[in-house]
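Remarks on the structure that follows.
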Amino acid sequence: MTDILLVEDHEELNELIRIFLEKGGYSVKGVYAGEEAVEFLKKERAKLVILDVSLPGMDGFAVCASVRESSNIPIVFLSARVDKEDKMNGFLQGADDYVEKPVDMELLLVKINALMRRNYSLKQENAVIHSGAVSIDKEAKRVFLNGREITLTVKAYELLVLLAENPGKTLNKQYLFQRIWGADSFSEDQTLTVHIKMLRDKIEEEPKKPKRIQTVWGIGYRYEEI
């Protein structure tokens with residue numbers, strides 16, 4: 001994945017910005033036209049778009065509107081058009097920021113850092129579930145109990161994630177089964193019961209007297225953080 005898609009038709013400025021941002025630690029793909037940017041994003045992924053307003057053919061506002069039809073990727077406009085109407089139009093099209101030309105490179109980098117941190121660092125933090133003594137790293141698909149890693153089957157892991165993401169809520173057996181197994185199994189009660197037992201054996205101090213995964217008789221199961 002490319003960190004930044006830079007859309008700037010002025011070749012020298014495109015190159016200067018690209019080099020500066022790469023020195024700041026980002027991978028940058030530079031293109032020179034709006035249509036080229038749209039085509040790139042149909043085939044590839046980027047974390048952020050820097051977008052000139054005045055482009056040949058498809059202008060920056062049109063590119064932004066096109067991207068927003070299918071993506072919430074952060075977009076920063078660059079433009080010598082600094083009238084209030086232009087700025088308002090940029091934000092109305094879905095921009096996250098609007099930077100005036102001539103470009104202050106250091107200010108641009110600070111703004112990009114802030115957008116990257118807000119949009120990606122927080123998501124990475126949310127990829128780790130801390131639930132009492134249990135921690136689940138959703139990116140690495142690893143589970144830890146009191147800091148020690150425990151091994152789970154794929155379905156047991158998926159079931160634990162679903163339970164831990166809904167602490168204190170009673171989840172219906174049918175709901176749990178459909179979310180984890182869908183139509184892949186016909187032995188609903190037995191399959192779910194076996195995996196609940198498997199989880200209890202792994203994460204409960206006393207599996208026969210569970211405190212984390214509690215049975216709500218006649219309904220389903222409730223996960224408690226301890």
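Chains: A, B, ... in order of the structure tokens. Residues: from 1 per chain. Ligands: from 1, in order shown.
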request  = Considering only C-alpha atoms, return as JSON, numbers by chain whatever protein or nucleic-acid residues lie within 12 Å of region 70-76 of chain A, sequence-local ones (same chain, fewer than 6 positions apart) excluded.
outcome  = {"A": [3, 4, 5, 6, 7, 8, 38, 41, 42, 45, 46, 47, 48, 49, 50, 51, 52, 53, 60, 61, 63, 64, 87, 90, 91, 93, 94, 95, 96, 97, 98, 99, 100, 108, 109, 111, 112, 113, 114, 115, 116, 117, 118, 119, 120]}
Can you list, as a PDB file with C-alpha atoms, in the first residue's frame, every protein, DNA or RNA residue that comes within 10 Å of region 194-211 of chain A when you count only C-alpha atoms, leaving out same-chain residues fewer than 4 positions away?
```pdb
ATOM      1  CA  ALA A 133      -6.655 -10.223  32.197  1.00  0.00           C
ATOM      2  CA  VAL A 134      -7.417 -11.189  28.587  1.00  0.00           C
ATOM      3  CA  VAL A 143      -4.626 -14.078  22.558  1.00  0.00           C
ATOM      4  CA  PHE A 144      -2.943 -13.492  25.910  1.00  0.00           C
ATOM      5  CA  LEU A 145      -4.080 -14.343  29.423  1.00  0.00           C
ATOM      6  CA  ASN A 146      -2.189 -12.522  32.176  1.00  0.00           C
ATOM      7  CA  ILE A 150      -2.710 -19.067  24.674  1.00  0.00           C
ATOM      8  CA  THR A 151      -3.462 -21.012  21.505  1.00  0.00           C
ATOM      9  CA  LEU A 152      -6.968 -21.286  20.063  1.00  0.00           C
ATOM     10  CA  THR A 153      -8.527 -22.791  16.981  1.00  0.00           C
ATOM     11  CA  LYS A 155     -13.400 -20.621  15.313  1.00  0.00           C
ATOM     12  CA  ALA A 156     -12.671 -20.465  19.038  1.00  0.00           C
ATOM     13  CA  TYR A 157     -10.661 -17.309  18.434  1.00  0.00           C
ATOM     14  CA  LEU A 159     -15.993 -16.633  19.080  1.00  0.00           C
ATOM     15  CA  LEU A 160     -13.833 -15.099  21.810  1.00  0.00           C
ATOM     16  CA  ASP A 189     -26.090 -26.460  19.699  1.00  0.00           C
ATOM     17  CA  GLN A 190     -23.343 -29.041  19.898  1.00  0.00           C
ATOM     18  CA  THR A 215     -24.340 -19.128  30.637  1.00  0.00           C
ATOM     19  CA  TYR A 221     -23.920 -16.479  26.864  1.00  0.00           C
ATOM     20  CA  ARG A 222     -22.615 -13.295  28.470  1.00  0.00           C
ATOM     21  CA  TYR A 223     -18.972 -12.275  28.617  1.00  0.00           C
ATOM     22  CA  GLU A 224     -17.776 -10.493  31.766  1.00  0.00           C
ATOM     23  CA  GLU A 225     -14.492  -8.625  32.116  1.00  0.00           C
ATOM     24  CA  ILE A 226     -12.595  -9.695  35.244  1.00  0.00           C
TER      25      ILE A 226
END
```
Where in region 72-195 of chain A does DSSP assign strand (DSSP E), given as a PDB file with N, CA and C atoms, in the first residue's frame?
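Output (states_31.pdb):
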```pdb
ATOM      1  N   ILE A  75      -8.227  13.377   2.653  1.00  0.00           N
ATOM      2  CA  ILE A  75      -7.883  14.154   1.460  1.00  0.00           C
ATOM      3  C   ILE A  75      -7.477  15.560   1.874  1.00  0.00           C
ATOM      4  N   VAL A  76      -6.319  15.997   1.404  1.00  0.00           N
ATOM      5  CA  VAL A  76      -5.821  17.350   1.654  1.00  0.00           C
ATOM      6  C   VAL A  76      -5.719  18.084   0.323  1.00  0.00           C
ATOM      7  N   PHE A  77      -6.416  19.222   0.220  1.00  0.00           N
ATOM      8  CA  PHE A  77      -6.313  20.028  -0.989  1.00  0.00           C
ATOM      9  C   PHE A  77      -5.096  20.940  -0.921  1.00  0.00           C
ATOM     10  N   LEU A  78      -4.436  21.111  -2.061  1.00  0.00           N
ATOM     11  CA  LEU A  78      -3.410  22.135  -2.242  1.00  0.00           C
ATOM     12  C   LEU A  78      -3.930  23.081  -3.308  1.00  0.00           C
ATOM     13  N   SER A  79      -3.879  24.400  -3.049  1.00  0.00           N
ATOM     14  CA  SER A  79      -4.402  25.293  -4.066  1.00  0.00           C
ATOM     15  C   SER A  79      -3.957  26.730  -3.872  1.00  0.00           C
ATOM     16  N   ASP A  97      -8.665  18.807   4.808  1.00  0.00           N
ATOM     17  CA  ASP A  97      -7.898  20.029   5.039  1.00  0.00           C
ATOM     18  C   ASP A  97      -7.680  20.736   3.706  1.00  0.00           C
ATOM     19  N   TYR A  98      -7.330  22.017   3.796  1.00  0.00           N
ATOM     20  CA  TYR A  98      -7.142  22.837   2.597  1.00  0.00           C
ATOM     21  C   TYR A  98      -5.899  23.686   2.830  1.00  0.00           C
ATOM     22  N   VAL A  99      -4.834  23.405   2.093  1.00  0.00           N
ATOM     23  CA  VAL A  99      -3.542  24.071   2.290  1.00  0.00           C
ATOM     24  C   VAL A  99      -3.288  25.020   1.124  1.00  0.00           C
ATOM     25  N   GLU A 100      -2.940  26.263   1.473  1.00  0.00           N
ATOM     26  CA  GLU A 100      -2.721  27.274   0.441  1.00  0.00           C
ATOM     27  C   GLU A 100      -1.336  27.146  -0.187  1.00  0.00           C
ATOM     28  N   VAL A 128      -6.436  -3.879  19.369  1.00  0.00           N
ATOM     29  CA  VAL A 128      -6.100  -4.694  20.539  1.00  0.00           C
ATOM     30  C   VAL A 128      -7.224  -4.545  21.560  1.00  0.00           C
ATOM     31  N   ILE A 129      -7.850  -5.656  21.892  1.00  0.00           N
ATOM     32  CA  ILE A 129      -8.911  -5.651  22.898  1.00  0.00           C
ATOM     33  C   ILE A 129      -8.292  -5.982  24.251  1.00  0.00           C
ATOM     34  N   HIS A 130      -8.446  -5.084  25.213  1.00  0.00           N
ATOM     35  CA  HIS A 130      -7.996  -5.334  26.577  1.00  0.00           C
ATOM     36  C   HIS A 130      -9.240  -5.594  27.421  1.00  0.00           C
ATOM     37  N   SER A 131      -9.405  -6.813  27.849  1.00  0.00           N
ATOM     38  CA  SER A 131     -10.594  -7.207  28.589  1.00  0.00           C
ATOM     39  C   SER A 131     -10.181  -7.897  29.878  1.00  0.00           C
ATOM     40  N   VAL A 134      -7.493 -10.666  29.948  1.00  0.00           N
ATOM     41  CA  VAL A 134      -7.417 -11.189  28.587  1.00  0.00           C
ATOM     42  C   VAL A 134      -7.109 -10.045  27.615  1.00  0.00           C
ATOM     43  N   SER A 135      -6.133 -10.259  26.741  1.00  0.00           N
ATOM     44  CA  SER A 135      -5.818  -9.303  25.683  1.00  0.00           C
ATOM     45  C   SER A 135      -5.870 -10.028  24.342  1.00  0.00           C
ATOM     46  N   ILE A 136      -6.490  -9.373  23.357  1.00  0.00           N
ATOM     47  CA  ILE A 136      -6.625  -9.974  22.035  1.00  0.00           C
ATOM     48  C   ILE A 136      -6.041  -9.021  21.009  1.00  0.00           C
ATOM     49  N   ASP A 137      -4.997  -9.454  20.328  1.00  0.00           N
ATOM     50  CA  ASP A 137      -4.393  -8.677  19.249  1.00  0.00           C
ATOM     51  C   ASP A 137      -5.058  -9.106  17.952  1.00  0.00           C
ATOM     52  N   ARG A 142      -3.689 -13.041  17.963  1.00  0.00           N
ATOM     53  CA  ARG A 142      -3.064 -13.709  19.107  1.00  0.00           C
ATOM     54  C   ARG A 142      -3.814 -13.332  20.373  1.00  0.00           C
ATOM     55  N   VAL A 143      -3.896 -14.282  21.309  1.00  0.00           N
ATOM     56  CA  VAL A 143      -4.626 -14.078  22.558  1.00  0.00           C
ATOM     57  C   VAL A 143      -3.686 -14.292  23.738  1.00  0.00           C
ATOM     58  N   PHE A 144      -3.795 -13.411  24.736  1.00  0.00           N
ATOM     59  CA  PHE A 144      -2.943 -13.492  25.910  1.00  0.00           C
ATOM     60  C   PHE A 144      -3.799 -13.479  27.172  1.00  0.00           C
ATOM     61  N   LEU A 145      -3.428 -14.303  28.127  1.00  0.00           N
ATOM     62  CA  LEU A 145      -4.080 -14.343  29.423  1.00  0.00           C
ATOM     63  C   LEU A 145      -3.019 -14.067  30.473  1.00  0.00           C
ATOM     64  N   ARG A 148       0.481 -14.092  29.114  1.00  0.00           N
ATOM     65  CA  ARG A 148       0.993 -15.322  28.506  1.00  0.00           C
ATOM     66  C   ARG A 148       0.094 -15.718  27.337  1.00  0.00           C
ATOM     67  N   GLU A 149       0.706 -16.054  26.208  1.00  0.00           N
ATOM     68  CA  GLU A 149      -0.073 -16.377  25.016  1.00  0.00           C
ATOM     69  C   GLU A 149      -0.739 -17.735  25.160  1.00  0.00           C
ATOM     70  N   ILE A 150      -1.984 -17.802  24.710  1.00  0.00           N
ATOM     71  CA  ILE A 150      -2.710 -19.067  24.674  1.00  0.00           C
ATOM     72  C   ILE A 150      -3.079 -19.360  23.220  1.00  0.00           C
ATOM     73  N   THR A 170     -25.833 -10.103  26.891  1.00  0.00           N
ATOM     74  CA  THR A 170     -26.222 -11.486  26.661  1.00  0.00           C
ATOM     75  C   THR A 170     -26.437 -11.688  25.175  1.00  0.00           C
ATOM     76  N   LEU A 171     -25.657 -12.590  24.593  1.00  0.00           N
ATOM     77  CA  LEU A 171     -25.746 -12.857  23.157  1.00  0.00           C
ATOM     78  C   LEU A 171     -26.471 -14.173  22.923  1.00  0.00           C
ATOM     79  N   ASN A 172     -27.491 -14.108  22.116  1.00  0.00           N
ATOM     80  CA  ASN A 172     -28.310 -15.271  21.807  1.00  0.00           C
ATOM     81  C   ASN A 172     -27.490 -16.361  21.128  1.00  0.00           C
TER      82      ASN A 172
END
```
task = as a list in words, list the residues of region 27-79 of chain A assigned to helix (DSSP H, G or I) by DSSP on the backbone atoms of this structure.
result = Gly34, Glu35, Glu36, Ala37, Val38, Glu39, Phe40, Leu41, Lys42, Lys43, Gly60, Phe61, Ala62, Val63, Cys64, Ala65, Ser66, Val67 and Arg68 of chain A
Residue selection dump (N, CA and C atoms) as a JSON list (two decimals), in the first residue's frame:
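The new file selection.json reads:
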```json
[["chain", "number", "residue", "atom", "x", "y", "z"],
["A", 34, "GLY", "N", -6.18, 14.37, -12.69],
["A", 34, "GLY", "CA", -7.25, 13.83, -11.88],
["A", 34, "GLY", "C", -7.69, 12.45, -12.31],
["A", 35, "GLU", "N", -7.82, 12.26, -13.63],
["A", 35, "GLU", "CA", -8.22, 10.96, -14.15],
["A", 35, "GLU", "C", -7.22, 9.87, -13.75],
["A", 36, "GLU", "N", -5.95, 10.23, -13.75],
["A", 36, "GLU", "CA", -4.90, 9.28, -13.37],
["A", 36, "GLU", "C", -5.04, 8.89, -11.91],
["A", 37, "ALA", "N", -5.40, 9.86, -11.07],
["A", 37, "ALA", "CA", -5.59, 9.58, -9.64],
["A", 37, "ALA", "C", -6.76, 8.63, -9.41],
["A", 38, "VAL", "N", -7.87, 8.90, -10.10],
["A", 38, "VAL", "CA", -9.05, 8.06, -9.94],
["A", 38, "VAL", "C", -8.76, 6.63, -10.38],
["A", 39, "GLU", "N", -8.07, 6.48, -11.50],
["A", 39, "GLU", "CA", -7.73, 5.14, -12.00],
["A", 39, "GLU", "C", -6.80, 4.42, -11.04],
["A", 40, "PHE", "N", -5.83, 5.16, -10.48],
["A", 40, "PHE", "CA", -4.90, 4.55, -9.53],
["A", 40, "PHE", "C", -5.67, 3.98, -8.33],
["A", 41, "LEU", "N", -6.61, 4.77, -7.79],
["A", 41, "LEU", "CA", -7.34, 4.35, -6.59],
["A", 41, "LEU", "C", -8.33, 3.23, -6.86],
["A", 42, "LYS", "N", -8.66, 3.00, -8.12],
["A", 42, "LYS", "CA", -9.51, 1.85, -8.46],
["A", 42, "LYS", "C", -8.73, 0.54, -8.37],
["A", 43, "LYS", "N", -7.40, 0.63, -8.57],
["A", 43, "LYS", "CA", -6.58, -0.57, -8.62],
["A", 43, "LYS", "C", -5.68, -0.74, -7.39],
["A", 60, "GLY", "N", -9.65, 19.07, -9.15],
["A", 60, "GLY", "CA", -9.53, 18.45, -7.84],
["A", 60, "GLY", "C", -10.85, 18.25, -7.13],
["A", 61, "PHE", "N", -11.78, 19.20, -7.28],
["A", 61, "PHE", "CA", -13.09, 19.06, -6.64],
["A", 61, "PHE", "C", -13.82, 17.82, -7.18],
["A", 62, "ALA", "N", -13.74, 17.60, -8.48],
["A", 62, "ALA", "CA", -14.39, 16.44, -9.09],
["A", 62, "ALA", "C", -13.72, 15.14, -8.65],
["A", 63, "VAL", "N", -12.40, 15.17, -8.53],
["A", 63, "VAL", "CA", -11.68, 13.99, -8.06],
["A", 63, "VAL", "C", -12.10, 13.66, -6.63],
["A", 64, "CYS", "N", -12.15, 14.68, -5.79],
["A", 64, "CYS", "CA", -12.54, 14.47, -4.39],
["A", 64, "CYS", "C", -13.94, 13.87, -4.31],
["A", 65, "ALA", "N", -14.87, 14.44, -5.07],
["A", 65, "ALA", "CA", -16.24, 13.92, -5.05],
["A", 65, "ALA", "C", -16.29, 12.47, -5.52],
["A", 66, "SER", "N", -15.48, 12.14, -6.53],
["A", 66, "SER", "CA", -15.44, 10.77, -7.03],
["A", 66, "SER", "C", -14.89, 9.81, -5.98],
["A", 67, "VAL", "N", -13.83, 10.21, -5.31],
["A", 67, "VAL", "CA", -13.22, 9.36, -4.27],
["A", 67, "VAL", "C", -14.20, 9.15, -3.12],
["A", 68, "ARG", "N", -14.92, 10.20, -2.77],
["A", 68, "ARG", "CA", -15.84, 10.12, -1.63],
["A", 68, "ARG", "C", -17.04, 9.21, -1.89]]
```
